[in-house]
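Source file start10.pdb; content: PDB, C-alpha atoms.
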ATOM      1  CA  MET E   1       0.000   0.000   0.000
ATOM      2  CA  THR E   2       1.420   3.383  -1.011
ATOM      3  CA  PRO E   3       1.620   6.281   1.461
ATOM      4  CA  GLY E   4      -0.916   8.205  -0.627
ATOM      5  CA  SER E   5      -3.490   5.444  -0.556
ATOM      6  CA  ALA E   6      -2.951   4.939   3.176
ATOM      7  CA  THR E   7      -3.558   8.654   3.763
ATOM      8  CA  THR E   8      -6.684   8.585   1.608
ATOM      9  CA  ARG E   9      -7.957   5.544   3.451
ATOM     10  CA  GLY E  10      -7.274   7.197   6.809
ATOM     11  CA  ARG E  11      -9.161  10.309   5.771
ATOM     12  CA  GLY E  12     -12.079   8.192   4.624
ATOM     13  CA  GLN E  13     -12.208   6.399   7.959
ATOM     14  CA  ALA E  14     -12.030   9.697   9.835
ATOM     15  CA  ARG E  15     -14.852  11.130   7.708
ATOM     16  CA  ARG E  16     -17.024   8.061   8.342
ATOM     17  CA  ALA E  17     -16.359   8.379  12.066
ATOM     18  CA  ALA E  18     -17.317  12.055  11.947
ATOM     19  CA  ASN E  19     -20.602  11.160  10.250
ATOM     20  CA  SER E  20     -21.319   8.265  12.589
ATOM     21  CA  THR E  21     -24.355   7.787  14.790
ATOM     22  CA  ALA E  22     -22.140   8.119  17.867
ATOM     23  CA  VAL E  23     -21.013  11.640  16.921
ATOM     24  CA  ALA E  24     -24.585  12.662  16.082
ATOM     25  CA  THR E  25     -25.793  11.296  19.420
ATOM     26  CA  GLY E  26     -23.033  13.207  21.216
ATOM     27  CA  ALA E  27     -24.052  16.415  19.455
ATOM     28  CA  ARG E  28     -27.690  16.032  20.444
ATOM     29  CA  ALA E  29     -26.676  15.273  24.025
ATOM     30  CA  GLY E  30     -24.547  18.416  23.916
ATOM     31  CA  PHE E  31     -27.539  20.532  22.934
ATOM     32  CA  VAL E  32     -29.442  19.090  25.891
ATOM     33  CA  ALA E  33     -26.527  19.943  28.214
ATOM     34  CA  ARG E  34     -26.244  23.478  26.857
ATOM     35  CA  GLY E  35     -29.967  23.913  27.396
ATOM     36  CA  ILE E  36     -29.694  22.798  31.015
ATOM     37  CA  ILE E  37     -26.933  25.323  31.719
ATOM     38  CA  TYR E  38     -28.832  28.231  30.136
ATOM     39  CA  VAL E  39     -32.099  27.344  31.866
ATOM     40  CA  LEU E  40     -30.304  27.273  35.219
ATOM     41  CA  ILE E  41     -28.545  30.587  34.522
ATOM     42  CA  GLY E  42     -31.914  32.104  33.609
ATOM     43  CA  VAL E  43     -33.567  30.763  36.755
ATOM     44  CA  LEU E  44     -30.702  32.057  38.924
ATOM     45  CA  SER E  45     -31.046  35.454  37.232
ATOM     46  CA  LEU E  46     -34.765  35.477  37.987
ATOM     47  CA  ARG E  47     -34.035  34.768  41.642
ATOM     48  CA  ILE E  48     -31.598  37.693  41.688
ATOM     49  CA  SER E  49     -34.148  40.011  40.065
ATOM     50  CA  PHE E  50     -36.630  39.147  42.812
ATOM     51  CA  ALA E  51     -34.004  39.656  45.562
ATOM     52  CA  ASP E  52     -33.844  35.933  46.287
ATOM     53  CA  GLY E  53     -30.415  35.226  44.859
ATOM     54  CA  ARG E  54     -28.043  36.112  47.674
ATOM     55  CA  GLY E  55     -24.833  34.170  47.374
ATOM     56  CA  LYS E  56     -25.841  32.800  43.959
ATOM     57  CA  GLN E  57     -23.884  33.262  40.720
ATOM     58  CA  ALA E  58     -25.909  33.703  37.561
ATOM     59  CA  ASP E  59     -23.265  32.133  35.322
ATOM     60  CA  ARG E  60     -21.905  28.730  34.347
ATOM     61  CA  GLY E  61     -20.186  28.308  37.710
ATOM     62  CA  GLY E  62     -23.449  29.016  39.496
ATOM     63  CA  ALA E  63     -25.264  26.486  37.322
ATOM     64  CA  ILE E  64     -22.645  23.813  38.088
ATOM     65  CA  ALA E  65     -22.848  24.514  41.817
ATOM     66  CA  GLU E  66     -26.640  24.348  41.640
ATOM     67  CA  ILE E  67     -26.512  20.902  40.011
ATOM     68  CA  ALA E  68     -23.865  19.676  42.451
ATOM     69  CA  GLY E  69     -26.137  20.547  45.380
ATOM     70  CA  LYS E  70     -28.954  18.325  44.139
ATOM     71  CA  PRO E  71     -29.464  14.600  44.874
ATOM     72  CA  PHE E  72     -27.199  12.579  42.587
ATOM     73  CA  GLY E  73     -25.552  15.890  41.664
ATOM     74  CA  ALA E  74     -22.121  14.342  41.049
ATOM     75  CA  ALA E  75     -23.567  11.776  38.645
ATOM     76  CA  LEU E  76     -25.497  14.499  36.838
ATOM     77  CA  LEU E  77     -22.311  16.530  36.430
ATOM     78  CA  TRP E  78     -20.516  13.523  34.918
ATOM     79  CA  LEU E  79     -23.349  13.156  32.417
ATOM     80  CA  LEU E  80     -23.341  16.895  31.688
ATOM     81  CA  GLY E  81     -19.575  16.964  31.125
ATOM     82  CA  ALA E  82     -19.728  13.907  28.848
ATOM     83  CA  ALA E  83     -22.544  15.482  26.833
ATOM     84  CA  LEU E  84     -20.551  18.693  26.392
ATOM     85  CA  ALA E  85     -17.588  16.587  25.246
ATOM     86  CA  GLY E  86     -19.920  15.118  22.633
ATOM     87  CA  MET E  87     -20.743  18.637  21.468
ATOM     88  CA  ALA E  88     -17.010  19.441  21.242
ATOM     89  CA  LEU E  89     -16.392  16.294  19.183
ATOM     90  CA  TRP E  90     -19.194  17.186  16.786
ATOM     91  CA  ARG E  91     -17.796  20.696  16.363
ATOM     92  CA  LEU E  92     -14.381  19.161  15.708
ATOM     93  CA  SER E  93     -15.847  17.070  12.907
ATOM     94  CA  GLY E  94     -17.409  20.240  11.466
ATOM     95  CA  ALA E  95     -14.019  21.972  11.547
ATOM     96  CA  ALA E  96     -12.301  19.032   9.861
ATOM     97  CA  PHE E  97     -14.880  18.057   7.234
ATOM     98  CA  GLY E  98     -17.452  20.850   7.119
ATOM     99  CA  GLN E  99     -20.947  21.189   8.533
ATOM    100  CA  ALA E 100     -24.433  20.465   7.246
ATOM    101  CA  GLY E 101     -25.838  22.961   4.757
ATOM    102  CA  PRO E 102     -24.849  24.378   1.361
ATOM    103  CA  ASP E 103     -22.059  26.579   2.774
ATOM    104  CA  GLY E 104     -20.956  24.228   5.533
ATOM    105  CA  LYS E 105     -17.545  23.627   3.971
ATOM    106  CA  LYS E 106     -16.605  27.316   3.758
ATOM    107  CA  ALA E 107     -13.380  28.216   5.544
ATOM    108  CA  SER E 108     -15.172  30.737   7.790
ATOM    109  CA  LYS E 109     -17.718  28.141   8.909
ATOM    110  CA  ARG E 110     -15.015  25.595   9.637
ATOM    111  CA  ALA E 111     -12.998  28.153  11.593
ATOM    112  CA  MET E 112     -16.059  28.977  13.700
ATOM    113  CA  ALA E 113     -16.604  25.261  14.311
ATOM    114  CA  ALA E 114     -13.005  24.969  15.496
ATOM    115  CA  GLY E 115     -13.493  27.852  17.924
ATOM    116  CA  ARG E 116     -16.668  26.293  19.281
ATOM    117  CA  CYS E 117     -14.872  22.965  19.631
ATOM    118  CA  LEU E 118     -12.264  24.609  21.868
ATOM    119  CA  PHE E 119     -14.944  26.392  23.892
ATOM    120  CA  TYR E 120     -17.059  23.301  24.527
ATOM    121  CA  GLY E 121     -13.936  21.257  25.188
ATOM    122  CA  PHE E 122     -12.927  23.725  27.900
ATOM    123  CA  VAL E 123     -16.422  23.777  29.434
ATOM    124  CA  SER E 124     -16.571  19.973  29.384
ATOM    125  CA  TYR E 125     -13.173  19.759  31.081
ATOM    126  CA  SER E 126     -14.193  22.226  33.804
ATOM    127  CA  VAL E 127     -17.442  20.354  34.533
ATOM    128  CA  LEU E 128     -15.734  16.946  34.608
ATOM    129  CA  SER E 129     -12.935  18.309  36.818
ATOM    130  CA  TYR E 130     -15.510  19.653  39.267
ATOM    131  CA  ALA E 131     -17.322  16.302  39.272
ATOM    132  CA  ALA E 132     -14.001  14.574  39.979
ATOM    133  CA  GLY E 133     -13.482  16.686  43.089
ATOM    134  CA  ASP E 134     -11.636  19.803  41.891
ATOM    135  CA  LYS E 135     -14.041  22.364  43.371
ATOM    136  CA  SER E 136     -11.930  25.245  42.058
ATOM    137  CA  SER E 137     -12.693  24.162  38.499
ATOM    138  CA  GLY E 138     -15.856  25.222  36.748
ATOM    139  CA  SER E 139     -17.553  26.905  39.688
ATOM    140  CA  GLY E 140     -15.301  29.943  39.976
ATOM    141  CA  SER E 141     -16.813  33.389  39.678
ATOM    142  CA  SER E 142     -16.868  34.558  36.076
ATOM    143  CA  ASP E 143     -16.678  38.121  37.394
ATOM    144  CA  GLN E 144     -13.443  37.574  39.339
ATOM    145  CA  ASN E 145     -11.952  35.617  36.448
ATOM    146  CA  SER E 146     -12.789  38.450  34.043
ATOM    147  CA  ARG E 147     -11.192  41.034  36.318
ATOM    148  CA  ASP E 148      -8.075  38.912  36.864
ATOM    149  CA  VAL E 149      -7.580  38.208  33.163
ATOM    150  CA  THR E 150      -8.205  41.860  32.277
ATOM    151  CA  ALA E 151      -5.717  43.066  34.907
ATOM    152  CA  LYS E 152      -3.010  40.735  33.588
ATOM    153  CA  ALA E 153      -3.681  41.670  29.984
ATOM    154  CA  LEU E 154      -3.575  45.402  30.712
ATOM    155  CA  ASP E 155      -0.048  44.954  32.098
ATOM    156  CA  TRP E 156       1.194  43.536  28.782
ATOM    157  CA  PRO E 157       2.826  45.710  26.120
ATOM    158  CA  ALA E 158      -0.079  47.105  24.077
ATOM    159  CA  GLY E 159      -2.343  45.385  26.615
ATOM    160  CA  GLN E 160      -4.868  48.195  26.484
ATOM    161  CA  TRP E 161      -5.316  47.608  22.743
ATOM    162  CA  ILE E 162      -5.543  43.851  23.206
ATOM    163  CA  VAL E 163      -8.293  44.151  25.841
ATOM    164  CA  ALA E 164     -10.103  46.734  23.723
ATOM    165  CA  GLY E 165      -9.923  44.451  20.696
ATOM    166  CA  ALA E 166     -11.202  41.474  22.697
ATOM    167  CA  GLY E 167     -14.033  43.536  24.153
ATOM    168  CA  ALA E 168     -15.012  44.864  20.733
ATOM    169  CA  ALA E 169     -14.939  41.312  19.336
ATOM    170  CA  VAL E 170     -17.228  39.995  22.088
ATOM    171  CA  ALA E 171     -19.589  42.947  21.668
ATOM    172  CA  ALA E 172     -19.659  42.431  17.897
ATOM    173  CA  ALA E 173     -20.319  38.720  18.420
ATOM    174  CA  GLY E 174     -23.237  39.608  20.678
ATOM    175  CA  VAL E 175     -24.728  41.933  18.065
ATOM    176  CA  TRP E 176     -24.183  39.228  15.401
ATOM    177  CA  ILE E 177     -25.944  36.622  17.577
ATOM    178  CA  ALA E 178     -28.891  38.930  18.222
ATOM    179  CA  VAL E 179     -29.256  39.985  14.585
ATOM    180  CA  ARG E 180     -29.133  36.385  13.358
ATOM    181  CA  ALA E 181     -31.790  35.467  15.899
ATOM    182  CA  LEU E 182     -34.029  38.332  14.809
ATOM    183  CA  ARG E 183     -33.547  37.320  11.164
ATOM    184  CA  ARG E 184     -34.404  33.703  12.105
ATOM    185  CA  LYS E 185     -31.208  32.376  10.585
ATOM    186  CA  PHE E 186     -31.362  29.435  12.985
ATOM    187  CA  GLN E 187     -34.181  27.991  10.898
ATOM    188  CA  GLU E 188     -31.609  27.062   8.246
ATOM    189  CA  HIS E 189     -30.086  24.572  10.687
ATOM    190  CA  LEU E 190     -33.321  22.978  11.883
ATOM    191  CA  LYS E 191     -35.633  20.432  10.273
ATOM    192  CA  MET E 192     -38.549  22.860  10.251
ATOM    193  CA  SER E 193     -40.568  20.712   7.847
ATOM    194  CA  GLY E 194     -40.595  17.933  10.432
ATOM    195  CA  MET E 195     -42.455  20.093  12.975
ATOM    196  CA  SER E 196     -46.162  20.641  13.314
ATOM    197  CA  PRO E 197     -47.328  24.229  12.646
ATOM    198  CA  LYS E 198     -47.738  24.959  16.384
ATOM    199  CA  THR E 199     -44.359  23.474  17.217
ATOM    200  CA  ARG E 200     -42.772  25.477  14.408
ATOM    201  CA  GLN E 201     -44.236  28.701  15.790
ATOM    202  CA  MET E 202     -43.100  27.879  19.319
ATOM    203  CA  VAL E 203     -39.553  26.934  18.295
ATOM    204  CA  THR E 204     -39.288  30.085  16.179
ATOM    205  CA  ALA E 205     -40.455  32.274  19.070
ATOM    206  CA  LEU E 206     -37.988  30.595  21.444
ATOM    207  CA  GLY E 207     -35.149  31.011  18.935
ATOM    208  CA  VAL E 208     -35.844  34.688  18.307
ATOM    209  CA  PHE E 209     -36.423  35.666  21.940
ATOM    210  CA  GLY E 210     -33.741  33.412  23.411
ATOM    211  CA  GLY E 211     -31.093  34.153  20.803
ATOM    212  CA  THR E 212     -31.657  37.896  21.021
ATOM    213  CA  SER E 213     -31.411  37.838  24.828
ATOM    214  CA  ARG E 214     -28.199  35.822  24.648
ATOM    215  CA  GLY E 215     -26.775  38.278  22.132
ATOM    216  CA  VAL E 216     -27.633  41.249  24.359
ATOM    217  CA  VAL E 217     -25.751  39.652  27.278
ATOM    218  CA  PHE E 218     -22.662  39.044  25.119
ATOM    219  CA  ALA E 219     -22.800  42.581  23.697
ATOM    220  CA  ALA E 220     -23.065  44.094  27.184
ATOM    221  CA  ALA E 221     -20.154  41.998  28.499
ATOM    222  CA  GLY E 222     -18.038  43.085  25.535
ATOM    223  CA  GLY E 223     -18.973  46.699  26.189
ATOM    224  CA  PHE E 224     -17.806  46.444  29.797
ATOM    225  CA  ALA E 225     -14.465  44.956  28.661
ATOM    226  CA  LEU E 226     -14.068  47.798  26.165
ATOM    227  CA  THR E 227     -14.756  50.312  28.945
ATOM    228  CA  ALA E 228     -12.147  48.623  31.159
ATOM    229  CA  ALA E 229      -9.596  49.005  28.360
ATOM    230  CA  VAL E 230     -10.403  52.660  27.626
ATOM    231  CA  GLN E 231     -10.302  53.628  31.321
ATOM    232  CA  HIS E 232      -7.461  51.205  32.097
ATOM    233  CA  THR E 233      -9.530  49.903  35.025
ATOM    234  CA  PRO E 234      -9.747  46.088  35.336
ATOM    235  CA  GLY E 235     -12.659  46.402  37.759
ATOM    236  CA  LYS E 236     -14.861  47.680  34.924
ATOM    237  CA  ALA E 237     -14.723  44.251  33.242
ATOM    238  CA  LYS E 238     -17.649  42.014  34.129
ATOM    239  CA  GLY E 239     -18.355  38.321  33.815
ATOM    240  CA  MET E 240     -21.809  36.984  33.026
ATOM    241  CA  ASP E 241     -23.026  37.293  36.631
ATOM    242  CA  ASP E 242     -22.163  41.000  37.032
ATOM    243  CA  THR E 243     -23.283  41.702  33.469
ATOM    244  CA  LEU E 244     -26.712  40.273  34.236
ATOM    245  CA  ARG E 245     -26.889  42.133  37.551
ATOM    246  CA  SER E 246     -26.083  45.379  35.733
ATOM    247  CA  PHE E 247     -29.410  45.131  33.901
ATOM    248  CA  ALA E 248     -31.138  45.568  37.261
ATOM    249  CA  ASP E 249     -29.281  48.887  37.719
ATOM    250  CA  THR E 250     -30.935  50.470  34.683
ATOM    251  CA  PRO E 251     -33.782  53.014  35.004
ATOM    252  CA  VAL E 252     -36.364  50.235  34.552
ATOM    253  CA  GLY E 253     -34.946  48.406  37.561
ATOM    254  CA  PRO E 254     -35.153  44.632  37.861
ATOM    255  CA  TRP E 255     -37.679  44.303  35.055
ATOM    256  CA  LEU E 256     -35.013  44.365  32.358
ATOM    257  CA  LEU E 257     -33.075  41.646  34.182
ATOM    258  CA  THR E 258     -36.289  39.642  34.471
ATOM    259  CA  PHE E 259     -36.891  40.024  30.728
ATOM    260  CA  ILE E 260     -33.335  38.919  29.879
ATOM    261  CA  ALA E 261     -33.515  36.041  32.394
ATOM    262  CA  VAL E 262     -36.696  34.706  30.806
ATOM    263  CA  GLY E 263     -34.936  35.033  27.450
ATOM    264  CA  LEU E 264     -32.031  32.889  28.655
ATOM    265  CA  VAL E 265     -34.491  30.239  29.851
ATOM    266  CA  ALA E 266     -36.093  30.439  26.399
ATOM    267  CA  PHE E 267     -32.698  29.899  24.773
ATOM    268  CA  GLY E 268     -32.157  26.853  26.980
ATOM    269  CA  VAL E 269     -35.483  25.377  25.862
ATOM    270  CA  PHE E 270     -34.592  26.269  22.262
ATOM    271  CA  SER E 271     -31.372  24.279  22.698
ATOM    272  CA  TRP E 272     -33.483  21.269  23.660
ATOM    273  CA  ALA E 273     -35.440  21.761  20.451
ATOM    274  CA  GLY E 274     -32.091  21.746  18.649
ATOM    275  CA  ALA E 275     -31.362  18.352  20.215
ATOM    276  CA  ARG E 276     -34.461  17.040  18.460
ATOM    277  CA  TRP E 277     -34.520  18.861  15.129
ATOM    278  CA  ARG E 278     -30.954  20.080  14.417
ATOM    279  CA  LYS E 279     -29.546  19.095  11.036
ATOM    280  CA  LEU E 280     -26.332  17.168  11.663
TER
END

For the structure just supplied, provide its representation as C-alpha cells.
Amino acid sequence: MTPGSATTRGRGQARRAANSTAVATGARAGFVARGIIYVLIGVLSLRISFADGRGKQADRGGAIAEIAGKPFGAALLWLLGAALAGMALWRLSGAAFGQAGPDGKKASKRAMAAGRCLFYGFVSYSVLSYAAGDKSSGSGSSDQNSRDVTAKALDWPAGQWIVAGAGAAVAAAGVWIAVRALRRKFQEHLKMSGMSPKTRQMVTALGVFGGTSRGVVFAAAGGFALTAAVQHTPGKAKGMDDTLRSFADTPVGPWLLTFIAVGLVAFGVFSWAGARWRKL
C-alpha cells in the first residue's frame, strides 16, 4: 500500500467516524446539556431580580454549583460533562470536514466550528474536573476571572489595545448573535418541515427571543471589557453574573433583568429543540 493510498484511506475512515451515529448522538446530548446550563442561569437570574439570589452566581459556575447541590448531583455533572464533550467532538468534525448545509464547507464556517470545539472542550473539562473533586474548576466566579484576566492583559505591552480588541470582538459577536436570531437564521439549521405548525411557531419564538437575549448579554459583556480598556480599570470588566446584575441597575430596575432572564431560559429550551430537530 502506497503512502498516498494509506492517507486517503485514513481520511475516509475519519470522515465516516465524523458522520457516525455516535457523533450525532453526542451532538444532540450536547444541545441538551447546553440547554440545562442556560435554563439554570436564567432561573438564577430570575431569583436575583426578585431579591432571592443572595450568594448565587448567575453564570456557568453558578449552574454547576446548583446541580452539584442536588441529589445525585455528582452523577449528573458527569453526564453533563460527557454530553458537552460530545458537542465538542461534533464541532471538531465540522471543523475538519465541514458542517451540514450548502455553505458548511466554507473556511469561515469551519474556523467557527473549530473555535466552538475549543470552547465546549474547555467547558466539558471544567465540569468533569468539578465532578471529579476539583471544586476550584468550573464553579469559579466569572466576574473575578474576568477582572483577573483583564488586569493581567492590561499589564502587557499594548495590553490596552488587546483588551479593547477582545471587548469589541465579544460585543460584535453579541450583536451578530442577536441579529441572526431576529432574522431567524437558525431555521436554516433545523428540520422545520418535520415540525407541526404549532411546534414550528413555538420553536421560532424561542429562537428569536432566546437568541436575542443571549446576544444582548454578550454585547453588554463586551462593552464592559471595552470600557475597562479605555479607562485602564480592570474592575470595569464584568463576567456573566455581574453583566446580568447590571441590567437591574438600569432606570427600569429589575424588570429588564427579568426580561433577559426569561430570554435565557427560552434559549435553553430552544437548545433542547435543537437536540431534536438540528440538522447534523

Open item on the list: To one decimal place in Å, what is the distance between atom CA of E:Met112 and atom CA of E:Ala27?
Closed with: 16.0 Å

Task: Residues within 10 Å of (-36.5, 41.0, 44.2), file coords, only C-alpha atoms, listed as JSON, numbers by chain - done: {"E": [46, 47, 48, 49, 50, 51, 52, 53, 248, 254, 255, 258]}

Open item on the list: With the PyMOL selection byres ((chain E and resi 76-78) around 12) as the selection, what would be picked from this file? Answer as a PyMOL selection string, please.
Closed with: chain E and resi 33+36-37+63-75+79-85+123-133+138-139

Task: Polymer residues at most 8 Å from E:Gly215, only C-alpha atoms, same-chain spacing of 6 or more positions, as a ChimeraX atom specification - done: /E:173-178

Task: Polymer residues at most 12 Å from stretch 163-165 of chain E, only C-alpha atoms, same-chain spacing of 6 or more positions, as a PyMOL selection string - done: chain E and resi 146-147+149-157+171-172+222-234+236-237

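Once the PyMOL selection byres ((chain E and resi 217) around 8) is applied to the shown structure, the selection contains Gly174, Ser213, Arg214, Gly215, Val216, Phe218, Ala219, Ala220, Ala221, Met240, Thr243 and Leu244 of chain E.
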
- [ ] Using all atoms listed in the file, determine which residues lie at most 6 Å from E:Leu264, disregarding the query and same-chain residues fewer than 5 positions distant; provide the list as a PyMOL selection string.
- [x] chain E and resi 38+42+210

Go ahead and write the residues just picked, C-alpha atoms, as a PDB file, in the coordinates of the input.
ATOM      1  CA  TYR E  38     -28.832  28.231  30.136  1.00  0.00           C
ATOM      2  CA  GLY E  42     -31.914  32.104  33.609  1.00  0.00           C
ATOM      3  CA  GLY E 210     -33.741  33.412  23.411  1.00  0.00           C
TER       4      GLY E 210
END

TODO: Name the residues that the PyMOL selection byres ((chain E and resi 209) around 12) picks from the file above, as a ChimeraX atom specification, using the file's chain letters and numbers.
DONE: /E:177-184,202-208,210-216,259-270

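For the pair atom CA of E:Pro251 and atom CA of E:Gly61, the separation is 28.3 Å.
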
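Our summary of the geometry notes that atom CA of E:Gly94 is positioned 26.1 Å from atom CA of E:Arg200.
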
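Considering the residues E:Thr25, E:Ser20, E:Ser196, E:Ser246 and counting all atoms listed in the file, E:Met87 has its shortest atom-to-atom contact with E:Thr25.
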
Open item on the list: Residues near E:Ala111, anyone? I mean within 12 Å using all atoms listed in the file, not counting same-chain ones fewer than 2 positions away, as a ChimeraX atom specification.
Closed with: /E:91-99,104-109,113-118

Write out the residues from the selection above, keeping C-alpha atoms, as a compact mmCIF listing (two decimals), in the coordinates of the input.
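And here is the file that came out, out_12.txt:
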# COMPACT_ATOMS: atom_id res chain seq x y z
CA ARG E 91 -17.80 20.70 16.36
CA LEU E 92 -14.38 19.16 15.71
CA SER E 93 -15.85 17.07 12.91
CA GLY E 94 -17.41 20.24 11.47
CA ALA E 95 -14.02 21.97 11.55
CA ALA E 96 -12.30 19.03 9.86
CA PHE E 97 -14.88 18.06 7.23
CA GLY E 98 -17.45 20.85 7.12
CA GLN E 99 -20.95 21.19 8.53
CA GLY E 104 -20.96 24.23 5.53
CA LYS E 105 -17.55 23.63 3.97
CA LYS E 106 -16.60 27.32 3.76
CA ALA E 107 -13.38 28.22 5.54
CA SER E 108 -15.17 30.74 7.79
CA LYS E 109 -17.72 28.14 8.91
CA ALA E 113 -16.60 25.26 14.31
CA ALA E 114 -13.00 24.97 15.50
CA GLY E 115 -13.49 27.85 17.92
CA ARG E 116 -16.67 26.29 19.28
CA CYS E 117 -14.87 22.96 19.63
CA LEU E 118 -12.26 24.61 21.87

Reconstruct all heavy atoms of stretch 191-198 of chain E from the incomplete input and present them as a CSV table (one decimal), keeping the file's coordinate frame.
chain,number,residue,atom,x,y,z
E,191,LYS,N,-34.7,21.2,11.2
E,191,LYS,CA,-35.6,20.4,10.3
E,191,LYS,C,-37.0,21.0,10.5
E,191,LYS,O,-37.9,20.3,11.1
E,191,LYS,CB,-35.6,18.9,10.6
E,191,LYS,CG,-34.2,18.3,10.3
E,191,LYS,CD,-34.2,16.9,10.8
E,191,LYS,CE,-32.8,16.3,10.6
E,191,LYS,NZ,-32.7,14.9,11.2
E,192,MET,N,-37.3,22.2,10.0
E,192,MET,CA,-38.5,22.9,10.3
E,192,MET,C,-39.7,22.1,9.6
E,192,MET,O,-40.8,22.1,10.2
E,192,MET,CB,-38.5,24.3,9.7
E,192,MET,CG,-37.4,25.2,10.2
E,192,MET,SD,-37.5,25.4,12.0
E,192,MET,CE,-38.9,26.5,12.1
E,193,SER,N,-39.5,21.4,8.5
E,193,SER,CA,-40.6,20.7,7.8
E,193,SER,C,-41.0,19.5,8.7
E,193,SER,O,-42.1,19.0,8.4
E,193,SER,CB,-40.1,20.2,6.5
E,193,SER,OG,-39.0,19.4,6.6
E,194,GLY,N,-40.2,19.1,9.6
E,194,GLY,CA,-40.6,17.9,10.4
E,194,GLY,C,-41.4,18.3,11.6
E,194,GLY,O,-41.8,17.4,12.4
E,195,MET,N,-41.7,19.6,11.8
E,195,MET,CA,-42.5,20.1,13.0
E,195,MET,C,-43.9,20.3,12.6
E,195,MET,O,-44.2,20.7,11.4
E,195,MET,CB,-41.9,21.4,13.5
E,195,MET,CG,-40.4,21.3,13.9
E,195,MET,SD,-39.8,23.0,14.4
E,195,MET,CE,-38.0,22.7,14.4
E,196,SER,N,-44.8,20.2,13.5
E,196,SER,CA,-46.2,20.6,13.3
E,196,SER,C,-46.2,22.2,13.3
E,196,SER,O,-45.3,22.8,13.8
E,196,SER,CB,-47.1,20.1,14.4
E,196,SER,OG,-46.7,20.8,15.7
E,197,PRO,N,-47.3,22.8,12.7
E,197,PRO,CA,-47.3,24.2,12.6
E,197,PRO,C,-47.2,24.9,14.0
E,197,PRO,O,-46.5,25.9,14.1
E,197,PRO,CB,-48.7,24.5,12.0
E,197,PRO,CG,-49.0,23.3,11.2
E,197,PRO,CD,-48.4,22.1,12.0
E,198,LYS,N,-47.8,24.4,15.0
E,198,LYS,CA,-47.7,25.0,16.4
E,198,LYS,C,-46.3,24.8,16.9
E,198,LYS,O,-45.8,25.8,17.5
E,198,LYS,CB,-48.8,24.3,17.3
E,198,LYS,CG,-50.2,24.7,17.1
E,198,LYS,CD,-51.1,24.1,18.1
E,198,LYS,CE,-52.6,24.6,17.9
E,198,LYS,NZ,-53.5,24.0,18.9
